[in-house]
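Enquirer: My questions will all concern the structure given below.
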Amino acid sequence: MLKRVSTISEYIKLCCAVGWEDYMNFEVAEESLNQSLFGVIVQYQGEVVGMGRVIGDGRIYFYIQDIAVLPEHQNKGIGKLIMETIQEYLKENAPEKSFVGLFAAQGKESFYNKYGFKKHEGMTGMFGVIQDKDVK
């Protein structure tokens, strides 16, 4: 495990391995990676097999992004290691009352529940995606 943001090639490999290639704009991904607040990668036999990062303004808003583990390495504790490392970062760097958010893939909610992430009464998570210059 290394505390660093993935390289663009590592990022593309992991995103494609978990089926995100249709949702990612790899043309601007390297710039996005460079603006991350924190990153963690997990290596196995010299190969990057998992990643995660934190983005946001570093004071009030923190978002956990791009938690991905190669399919053949899933269910081996790598996601847990990534989340625990990110939680350590947040404990050391996020001020009291900071908002920490994430989007969970369908079916993965229970994994994130273990780390304190849940639905909140009176709040609905929403998002849009830019397509043809409009939010859709």
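Ordered as shown in the structure tokens, chains take letters A, B, and onward, while each chain numbers its residues from 1 and ligands are numbered from 1 in the order shown.
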Would you kindly return, as a ChimeraX atom specification, each protein, DNA or RNA residue with an atom no farther than 7 Å from any atom of A:Val18, considering only C-alpha atoms and excluding same-chain residues fewer than 4 positions away?

Expert: /A:14,68,70-71

Enquirer: With only C-alpha atoms as the counted atoms, please give the residues lying no more than 8 Å from A:Gln65, apart from itself and same-chain residues fewer than 3 positions off, as a list in words.

Expert: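 Returned residues: Gly52, Arg53, Val54, Ile55, Leu102 and Phe103 of chain A.
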
Enquirer: Compile the contact shell of A:Glu10 as a list in words: residues with an atom at most 10 Å away, counting only C-alpha atoms, same-chain residues fewer than 5 positions apart removed.

Expert: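 Listing them by chain and then by number gives Val5, Cys15, Ile41, Glu47, Val48, Val49, Gly50 and Met51 of chain A.
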
Enquirer: Take the residues from that selection and put them in a file with N, CA, C and O atoms, as an mmCIF file, in the first residue's frame.

Expert:
```cif
data_model
loop_
_atom_site.group_PDB
_atom_site.id
_atom_site.type_symbol
_atom_site.label_atom_id
_atom_site.label_comp_id
_atom_site.auth_asym_id
_atom_site.auth_seq_id
_atom_site.Cartn_x
_atom_site.Cartn_y
_atom_site.Cartn_z
ATOM 1 N N VAL A 5 -1.500 9.191 -5.278
ATOM 2 C CA VAL A 5 -2.543 9.114 -6.300
ATOM 3 C C VAL A 5 -2.035 8.224 -7.428
ATOM 4 O O VAL A 5 -0.840 8.210 -7.742
ATOM 5 N N CYS A 15 -9.944 1.654 -13.996
ATOM 6 C CA CYS A 15 -11.292 2.080 -14.409
ATOM 7 C C CYS A 15 -11.867 1.123 -15.453
ATOM 8 O O CYS A 15 -13.037 0.711 -15.355
ATOM 9 N N ILE A 41 -2.859 3.706 -3.313
ATOM 10 C CA ILE A 41 -2.867 2.574 -4.241
ATOM 11 C C ILE A 41 -2.414 1.333 -3.481
ATOM 12 O O ILE A 41 -1.702 1.428 -2.483
ATOM 13 N N GLU A 47 2.307 -4.935 -9.235
ATOM 14 C CA GLU A 47 1.208 -4.449 -10.075
ATOM 15 C C GLU A 47 0.191 -3.710 -9.203
ATOM 16 O O GLU A 47 -0.160 -4.174 -8.113
ATOM 17 N N VAL A 48 -0.288 -2.556 -9.679
ATOM 18 C CA VAL A 48 -1.328 -1.832 -8.959
ATOM 19 C C VAL A 48 -2.646 -2.578 -9.147
ATOM 20 O O VAL A 48 -3.095 -2.788 -10.269
ATOM 21 N N VAL A 49 -3.236 -2.993 -8.024
ATOM 22 C CA VAL A 49 -4.472 -3.774 -8.078
ATOM 23 C C VAL A 49 -5.662 -3.042 -7.457
ATOM 24 O O VAL A 49 -6.790 -3.505 -7.558
ATOM 25 N N GLY A 50 -5.400 -1.901 -6.814
ATOM 26 C CA GLY A 50 -6.477 -1.135 -6.209
ATOM 27 C C GLY A 50 -6.096 0.316 -6.039
ATOM 28 O O GLY A 50 -4.912 0.654 -5.965
ATOM 29 N N MET A 51 -7.127 1.171 -5.998
ATOM 30 C CA MET A 51 -6.883 2.602 -5.824
ATOM 31 C C MET A 51 -8.077 3.255 -5.152
ATOM 32 O O MET A 51 -9.180 2.711 -5.109
#
```

Enquirer: Run DSSP on the backbone and tell me which residues of chain A come out as helix (DSSP H, G or I); list them as a PyMOL selection string.

Expert: chain A and resi 8-17+26-34+71-73+78-93+109-113

Enquirer: Need to verify the contact set: stretch 82-95 of chain A, 8 Å, only C-alpha atoms, exclusion of same-chain residues closer than 2 positions in sequence. Can you return it as an NGL selection string?

Expert: :A and (38-42 or 50-54 or 58-60 or 62 or 67 or 78-80 or 97-98 or 115)

Enquirer: With distances taken over only C-alpha atoms, which residue among A:Gln106, A:Gln74, A:Gln131, A:Gln45 lies nearest A:Met1?

Expert: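 Among the listed residues, the smallest separation from A:Met1 belongs to A:Gln45.
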
Enquirer: What lies within 12 Å of A:His120 using only C-alpha atoms, ignoring chain neighbours under 5 positions off, as a list of chain:residue names?

Expert: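 Contacts, with the query itself left out: A:Gly101, A:Asn113, A:Gly125.
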
Enquirer: Taking the backbone alone, and naming residues the way the document does, which bits of stretch 59-108 of chain A are strand (DSSP E) by DSSP, as a PyMOL selection string?

Expert: chain A and resi 61-69+99-102

Enquirer: Using atom CA of A:Leu33 and atom CA of A:Tyr11 as the two end points, give the distance in Å to one decimal.

Expert: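 Answer for the atom CA of A:Leu33 to atom CA of A:Tyr11 separation: 8.8 Å.
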
Enquirer: Identify which of the residues A:Glu121, A:Trp20, A:Gly46, A:Glu30 lies closest to A:Asp66, counting only C-alpha atoms when measuring atom-to-atom distances.

Expert: A:Trp20

Enquirer: Which is closest to A:Phe111 among A:Gly77, A:Gly56, A:Gln43, A:Tyr63, if we use only C-alpha atoms?

Expert: A:Gly77

Enquirer: What is the distance, in Å and to one decimal place, between atom CA of A:Lys3 and atom CA of A:Leu81?

Expert: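 These atoms are spaced 11.4 Å apart.
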